[in-house]
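A short worksheet on the structure shown next.
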Amino acid sequence: MSPCRVCSHPIREFFDFERQPLSSAFPRPGELDQEYFFRLAVGMCESCTLVQLIDAVPPERAHHQGYPYHSAASSVMCKHFEQTARRFLETELTGADPFVVEIGANDGVMLRTCGDAGVRHLAVEPSGAAGVRAHRAFFDVDSATRIRDTDGTADVVYAANTICGVTDLRPVFEGLGLLLAPDGVFVFEDPYLGEIIDRTSFDQIYDEHVFFFTVRAVGALATRYGFELVDIERLPVHGGQIRYTIARPGRRAPSPAVADALRTEQARGLAELATLERFAARVQRIRDDLVALLHELRAGGARIVGYGATAKSSTMANYCGIGPDLIPFVCDTTPAKQGRLTPGSHIPVRPVEAFADPYPDFALLFAWNHAEEIMAKERAFREAGGQWILYVPQVHIV
Ligand code: TYD
Ligand code: ZN
């Protein structure tokens with residue numbers, strides 16, 4: 001058994017998705033022999049209770065394949081990042097000459113909003129970020145030192161959907177130790193294990209999500225690396241996340257929300273293997289139900305297409321064995337994915353215009369995390385008699 005990436009104690013495995021591809025590596029039709037696969041399995045640390053992947057993709061494989069995140073594809077996410085910036089501007093960035101850093105830039109929406117308000121800002125992102133000042137590197141001791149030497153300490157360091165994918169968190173926290181101002185905060189948000197279990201959203205588990213945080217595990221993690229968890233906030237985005245606020249020890253009084261969440265997690269057994277094993281049984285049930293439904297609909301002559309070629313749906317399609325025989329194509333707004341195939345499952349990705357040309361009988365919503373936004377935008381599909389198939393929290397048709 002591999003040891004915990006944070007505390008080195010053994011990890012107890014509770015689910016094995018077996019052979020899975022890189023969730024963002026959309027091959028061209030002629031490139032199928034170059035696909036990389038690894039064993040996607042997940043377990044919980046016996047000691048610090050951090051849920052994590054058993055095997056991780058070696059960084060030299062992962063970084064080549066990634067494709068940049070486009071929050072602009074979702075107006076909900078753009079609004080979310082603008083609101084996040086406004087909150088920081090009102091609460092944390094109120095001093096004489098504040099400085100905000102984002103690790104991984106998420107399209108730069110948050111930093112751009114701060115920049116427009118006249119606040120010094122910097123993205124720390126190896127591939128840069130459009131329209132914002134960027135330090136092209138990973139966030140670690142070296143980059144944190146350089147940034148501090150040029151810009152001084154940071155009042156806020158923010159990261160969204162990034163920290164859960166960083167295999168080795170020690171250099172990140174060491175970097176924070178150097179870069180954060182004495183009263184500065186590190187704020188990060190990622191999918192919440194409690195939500196993944198509530199929604200049985202097993203497809204949040206893929207190569208780029210290495211950690212599935214709980215308040216308890218993040219509290220332990222912060223302490224281990226010399227910080228303190230001082231606040232948490234539930235977020236509705238991406239199928240349910242938590243935003244964690246971490247400060248230097250003793251600098252801020254922890255909010256009651258932290259203790260409340262710890263009590264709730266304890267009461268619902270979030271750190272117990274039995275809870276995760278019950279989750280695993282529900283995941284198998286979803287696979288069986290979804291595969292049966294798709295075969296039944298196809299046998300009845302229905303046309304079914306996919307909507308939104310998300311990274312998470314890679315786990316769903318590969319785990320369920322869903323390919324182009326059941327779903328002839330999946331439509332997606334991302335130009336870089338169009339004309340390519342979904343990883344491992346090889347479903348062609350087509351522009352969203354293909355969706356209405358003509359409408360299918362059913363659409364399997366791969367991008368269920370944007371369900372409200374997409375269903376509102378595609379109201380005409382329902383009006384034309386089309387129906388959505390969702391697979392979380394269980395298989396259902398709407
Ligand atoms: P994302 O939310 O980033 O999920 P993941 O992290 O699992 O990849 O991906 C959303 C995908 O869905 C992205 O490829 C863009 C696509 N999309 C659409 O095609 N139409 C839409 O209206 C929205 C909101 C997203
Ligand atoms: Zn551990």
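Following the order of the structure tokens, first chain is A, next is B, and so on, with residues numbered from 1 inside each chain and ligands from 1 in the order they appear.
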
**Asked** Which chains and residue numbers are within 6 Å of ligand 1, counting only C-alpha atoms and all ligand atoms, if I want them as a VMD selection string?
**Response** chain A and resid 73 to 74 308 to 312 332 to 334 367 370 374

Dump the neighbourhood of ligand 2 as a short mmCIF file (atom, residue, chain, number, x, y, z; two decimals) with N, CA and C atoms, in the first residue's frame: all residues within 10 Å, distances computed on only C-alpha atoms and all ligand atoms.
```cif
data_model
loop_
_atom_site.label_atom_id
_atom_site.label_comp_id
_atom_site.auth_asym_id
_atom_site.auth_seq_id
_atom_site.Cartn_x
_atom_site.Cartn_y
_atom_site.Cartn_z
N PRO A 3 1.91 5.07 0.86
CA PRO A 3 1.67 5.88 2.06
C PRO A 3 0.94 7.18 1.74
N CYS A 4 0.34 7.78 2.76
CA CYS A 4 -0.34 9.08 2.63
C CYS A 4 0.65 10.13 2.15
N ARG A 5 0.22 10.96 1.20
CA ARG A 5 1.12 11.99 0.65
C ARG A 5 1.41 13.10 1.66
N VAL A 6 0.61 13.17 2.72
CA VAL A 6 0.84 14.23 3.69
C VAL A 6 1.52 13.71 4.96
N CYS A 7 1.03 12.57 5.51
CA CYS A 7 1.55 12.16 6.83
C CYS A 7 2.27 10.81 6.80
N SER A 8 2.33 10.18 5.62
CA SER A 8 3.09 8.94 5.40
C SER A 8 2.50 7.70 6.05
N HIS A 9 1.32 7.78 6.65
CA HIS A 9 0.68 6.58 7.18
C HIS A 9 0.01 5.81 6.03
N PRO A 10 -0.35 4.55 6.27
CA PRO A 10 -0.95 3.76 5.18
C PRO A 10 -2.30 4.31 4.72
N ILE A 11 -2.59 4.12 3.43
CA ILE A 11 -3.89 4.49 2.86
C ILE A 11 -4.71 3.23 2.70
N MET A 44 -8.43 6.13 1.83
CA MET A 44 -8.38 7.11 2.92
C MET A 44 -7.19 6.82 3.84
N CYS A 45 -6.49 7.86 4.24
CA CYS A 45 -5.35 7.68 5.14
C CYS A 45 -5.86 7.24 6.52
N GLU A 46 -5.24 6.21 7.03
CA GLU A 46 -5.63 5.67 8.34
C GLU A 46 -5.43 6.67 9.46
N SER A 47 -4.49 7.60 9.27
CA SER A 47 -4.17 8.51 10.36
C SER A 47 -4.82 9.88 10.20
N CYS A 48 -4.49 10.60 9.11
CA CYS A 48 -5.00 11.98 8.98
C CYS A 48 -6.35 12.03 8.27
N THR A 49 -6.86 10.89 7.80
CA THR A 49 -8.16 10.71 7.15
C THR A 49 -8.28 11.39 5.77
N LEU A 50 -7.17 11.85 5.24
CA LEU A 50 -7.23 12.50 3.93
C LEU A 50 -7.50 11.44 2.85
N VAL A 51 -8.58 11.68 2.08
CA VAL A 51 -8.92 10.78 0.98
C VAL A 51 -8.10 11.20 -0.24
N GLN A 52 -7.51 10.24 -0.92
CA GLN A 52 -6.58 10.56 -2.01
C GLN A 52 -6.45 9.41 -2.99
N ALA A 217 -9.62 16.92 7.49
CA ALA A 217 -8.31 16.63 6.87
C ALA A 217 -7.55 17.92 6.56
N ALA A 220 -6.02 19.31 9.73
CA ALA A 220 -4.81 18.55 10.10
C ALA A 220 -3.64 18.92 9.20
N LEU A 221 -3.95 19.07 7.94
CA LEU A 221 -2.94 19.43 6.94
C LEU A 221 -2.33 20.80 7.25
#
```

**Atom pair atom CA of Thr214 of chain A / atom CA of Gly240 of chain A: separation (Å)** =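 Rounded to one decimal, the two atoms are 12.2 Å apart.
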
**Request:** Fewer than 6 positions away in the same chain doesn't count, so skip those; otherwise give me all residues within 9 Å of Phe211 of chain A, counting only C-alpha atoms, as a PyMOL selection string.
**Result:** chain A and resi 50-53+163-167+205

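With distances restricted to only C-alpha atoms, A:Ala317 is the closest residue to Ser23 of chain A from A:Ile322, A:Val398, A:Ala317, A:Ala96.
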
**Asked** Taking only C-alpha atoms into account, which of A:Ala134, A:Val42, A:Cys320, A:Val187 comes nearest Ala105 of chain A?
**Response**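 Between A:Ala134, A:Val42, A:Cys320, A:Val187, the residue approaching Ala105 of chain A most closely is A:Ala134.
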
**Request:** Name the closest residue to Phe17 of chain A among the candidates A:Leu111, A:Val283, A:Met77, A:Leu293; distances are taken between atoms, counting only C-alpha atoms.
**Result:**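 Distance minimum relative to Phe17 of chain A lands on A:Val283.
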
**Request:** Using DSSP on the backbone, list every residue of segment 63-173 of chain A that comes out as strand (DSSP E), and give them as a VMD selection string.
**Result:** chain A and resid 99 to 103 120 to 124 134 to 135 154 to 160

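When only C-alpha atoms are used to compute distances to Lys79 of chain A, the closest of the residues A:Asp55, A:Val109, A:Thr145, A:Gln284 turns out to be A:Val109.
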
**Residue among A:Glu31, A:Val157, A:Phe173, A:Phe279 lying closest to Asp140 of chain A, counting only C-alpha atoms** = A:Phe173

**Message:** From the options A:Ala363, A:Leu290, A:Thr315, A:His346, which residue's atoms come nearest to Cys331 of chain A, counting only C-alpha atoms?
**Reply:** A:Ala363

Could the residues of segment 137-214 of chain A that have an atom at most 12 Å from segment 242-245 of chain A be listed as CSV, each with its closest atom pair and the distance in Å to one decimal, counting only C-alpha atoms and ordered by chain and ascending residue number?
```
residue,atom,partner,partner_atom,distance
A:Val156,CA,A:Thr245,CA,9.9
A:Val157,CA,A:Thr245,CA,9.9
A:Tyr158,CA,A:Thr245,CA,9.3
A:Ala159,CA,A:Arg243,CA,9.5
A:Ala160,CA,A:Arg243,CA,8.5
A:Asn161,CA,A:Arg243,CA,10.2
A:Ile163,CA,A:Tyr244,CA,11.0
A:Cys164,CA,A:Ile242,CA,11.5
A:Asp183,CA,A:Thr245,CA,12.0
A:Gly184,CA,A:Thr245,CA,10.1
A:Val185,CA,A:Thr245,CA,6.4
A:Phe186,CA,A:Thr245,CA,5.8
A:Val187,CA,A:Thr245,CA,4.5
A:Phe188,CA,A:Tyr244,CA,5.4
A:Glu189,CA,A:Arg243,CA,4.1
A:Asp190,CA,A:Ile242,CA,6.0
A:Pro191,CA,A:Ile242,CA,6.6
A:Tyr192,CA,A:Ile242,CA,5.7
A:Leu193,CA,A:Ile242,CA,9.3
A:Gly194,CA,A:Ile242,CA,9.5
A:Glu195,CA,A:Ile242,CA,9.3
A:Ile196,CA,A:Ile242,CA,11.6
A:Phe212,CA,A:Ile242,CA,10.7
A:Phe213,CA,A:Ile242,CA,8.5
A:Thr214,CA,A:Ile242,CA,8.4
```

Filtering to N, CA and C atoms, could you give me those residues as a PDB file, in the first residue's frame?
```
ATOM      1  N   VAL A 156      -3.306  38.149   0.153  1.00  0.00           N
ATOM      2  CA  VAL A 156      -4.151  36.998  -0.162  1.00  0.00           C
ATOM      3  C   VAL A 156      -3.423  36.128  -1.181  1.00  0.00           C
ATOM      4  N   VAL A 157      -3.376  34.841  -0.915  1.00  0.00           N
ATOM      5  CA  VAL A 157      -3.005  33.880  -1.953  1.00  0.00           C
ATOM      6  C   VAL A 157      -4.231  33.002  -2.153  1.00  0.00           C
ATOM      7  N   TYR A 158      -4.680  32.909  -3.398  1.00  0.00           N
ATOM      8  CA  TYR A 158      -5.939  32.229  -3.709  1.00  0.00           C
ATOM      9  C   TYR A 158      -5.679  31.097  -4.703  1.00  0.00           C
ATOM     10  N   ALA A 159      -6.440  30.039  -4.594  1.00  0.00           N
ATOM     11  CA  ALA A 159      -6.340  28.941  -5.552  1.00  0.00           C
ATOM     12  C   ALA A 159      -7.695  28.263  -5.665  1.00  0.00           C
ATOM     13  N   ALA A 160      -8.201  28.117  -6.892  1.00  0.00           N
ATOM     14  CA  ALA A 160      -9.486  27.448  -7.105  1.00  0.00           C
ATOM     15  C   ALA A 160      -9.271  26.226  -7.986  1.00  0.00           C
ATOM     16  N   ASN A 161      -9.731  25.094  -7.542  1.00  0.00           N
ATOM     17  CA  ASN A 161      -9.615  23.849  -8.311  1.00  0.00           C
ATOM     18  C   ASN A 161      -8.180  23.533  -8.686  1.00  0.00           C
ATOM     19  N   ILE A 163      -5.417  23.169  -5.758  1.00  0.00           N
ATOM     20  CA  ILE A 163      -4.692  22.515  -4.656  1.00  0.00           C
ATOM     21  C   ILE A 163      -5.019  21.015  -4.599  1.00  0.00           C
ATOM     22  N   CYS A 164      -6.248  20.653  -4.930  1.00  0.00           N
ATOM     23  CA  CYS A 164      -6.600  19.221  -4.875  1.00  0.00           C
ATOM     24  C   CYS A 164      -5.831  18.403  -5.900  1.00  0.00           C
ATOM     25  N   ASP A 183      -0.403  38.782   8.544  1.00  0.00           N
ATOM     26  CA  ASP A 183      -1.854  38.609   8.676  1.00  0.00           C
ATOM     27  C   ASP A 183      -2.518  38.197   7.359  1.00  0.00           C
ATOM     28  N   GLY A 184      -1.702  37.731   6.430  1.00  0.00           N
ATOM     29  CA  GLY A 184      -2.243  37.317   5.138  1.00  0.00           C
ATOM     30  C   GLY A 184      -3.000  36.003   5.250  1.00  0.00           C
ATOM     31  N   VAL A 185      -3.800  35.714   4.213  1.00  0.00           N
ATOM     32  CA  VAL A 185      -4.545  34.449   4.205  1.00  0.00           C
ATOM     33  C   VAL A 185      -4.309  33.691   2.909  1.00  0.00           C
ATOM     34  N   PHE A 186      -4.346  32.388   3.067  1.00  0.00           N
ATOM     35  CA  PHE A 186      -4.349  31.490   1.915  1.00  0.00           C
ATOM     36  C   PHE A 186      -5.760  30.937   1.806  1.00  0.00           C
ATOM     37  N   VAL A 187      -6.412  31.208   0.686  1.00  0.00           N
ATOM     38  CA  VAL A 187      -7.802  30.807   0.484  1.00  0.00           C
ATOM     39  C   VAL A 187      -7.852  29.848  -0.698  1.00  0.00           C
ATOM     40  N   PHE A 188      -8.353  28.663  -0.473  1.00  0.00           N
ATOM     41  CA  PHE A 188      -8.458  27.743  -1.620  1.00  0.00           C
ATOM     42  C   PHE A 188      -9.781  26.996  -1.583  1.00  0.00           C
ATOM     43  N   GLU A 189     -10.259  26.639  -2.771  1.00  0.00           N
ATOM     44  CA  GLU A 189     -11.548  25.952  -2.875  1.00  0.00           C
ATOM     45  C   GLU A 189     -11.421  24.770  -3.823  1.00  0.00           C
ATOM     46  N   ASP A 190     -12.038  23.682  -3.410  1.00  0.00           N
ATOM     47  CA  ASP A 190     -11.949  22.433  -4.165  1.00  0.00           C
ATOM     48  C   ASP A 190     -13.204  21.614  -3.893  1.00  0.00           C
ATOM     49  N   PRO A 191     -13.457  20.582  -4.719  1.00  0.00           N
ATOM     50  CA  PRO A 191     -14.598  19.706  -4.452  1.00  0.00           C
ATOM     51  C   PRO A 191     -14.531  19.153  -3.025  1.00  0.00           C
ATOM     52  N   TYR A 192     -15.713  19.029  -2.419  1.00  0.00           N
ATOM     53  CA  TYR A 192     -15.800  18.600  -1.015  1.00  0.00           C
ATOM     54  C   TYR A 192     -16.203  17.125  -0.948  1.00  0.00           C
ATOM     55  N   LEU A 193     -15.458  16.358  -0.203  1.00  0.00           N
ATOM     56  CA  LEU A 193     -15.765  14.925  -0.083  1.00  0.00           C
ATOM     57  C   LEU A 193     -17.199  14.704   0.390  1.00  0.00           C
ATOM     58  N   GLY A 194     -17.666  15.549   1.313  1.00  0.00           N
ATOM     59  CA  GLY A 194     -19.037  15.411   1.818  1.00  0.00           C
ATOM     60  C   GLY A 194     -20.063  15.504   0.697  1.00  0.00           C
ATOM     61  N   GLU A 195     -19.831  16.411  -0.262  1.00  0.00           N
ATOM     62  CA  GLU A 195     -20.742  16.564  -1.404  1.00  0.00           C
ATOM     63  C   GLU A 195     -20.606  15.395  -2.364  1.00  0.00           C
ATOM     64  N   ILE A 196     -19.384  14.946  -2.564  1.00  0.00           N
ATOM     65  CA  ILE A 196     -19.162  13.822  -3.482  1.00  0.00           C
ATOM     66  C   ILE A 196     -19.924  12.607  -2.975  1.00  0.00           C
ATOM     67  N   PHE A 212      -9.317  14.628  -1.971  1.00  0.00           N
ATOM     68  CA  PHE A 212     -10.743  14.901  -1.773  1.00  0.00           C
ATOM     69  C   PHE A 212     -10.878  15.364  -0.332  1.00  0.00           C
ATOM     70  N   PHE A 213     -10.906  16.688  -0.175  1.00  0.00           N
ATOM     71  CA  PHE A 213     -10.735  17.274   1.144  1.00  0.00           C
ATOM     72  C   PHE A 213     -11.989  17.209   2.000  1.00  0.00           C
ATOM     73  N   THR A 214     -11.747  17.152   3.317  1.00  0.00           N
ATOM     74  CA  THR A 214     -12.780  17.404   4.318  1.00  0.00           C
ATOM     75  C   THR A 214     -12.230  18.514   5.214  1.00  0.00           C
TER      76      THR A 214
END
```

**Prompt:** So which residues touch Arg86 of chain A within 9 Å, counting only C-alpha atoms, skipping near sequence neighbours fewer than 6 positions away, as a count of residues only?
**Reply:** 3

**Prompt:** How many Å separate atom CA of Pro360 of chain A from atom CA of Arg379 of chain A?
**Reply:**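 Between atom CA of Pro360 of chain A and atom CA of Arg379 of chain A the gap works out to 13.6 Å.
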
**Item:** Interatomic distance (Å, one decimal) between atom CA of Ala292 of chain A and atom CA of Leu326 of chain A
**Value:**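 Result for atom CA of Ala292 of chain A versus atom CA of Leu326 of chain A: 11.2 Å, one decimal.
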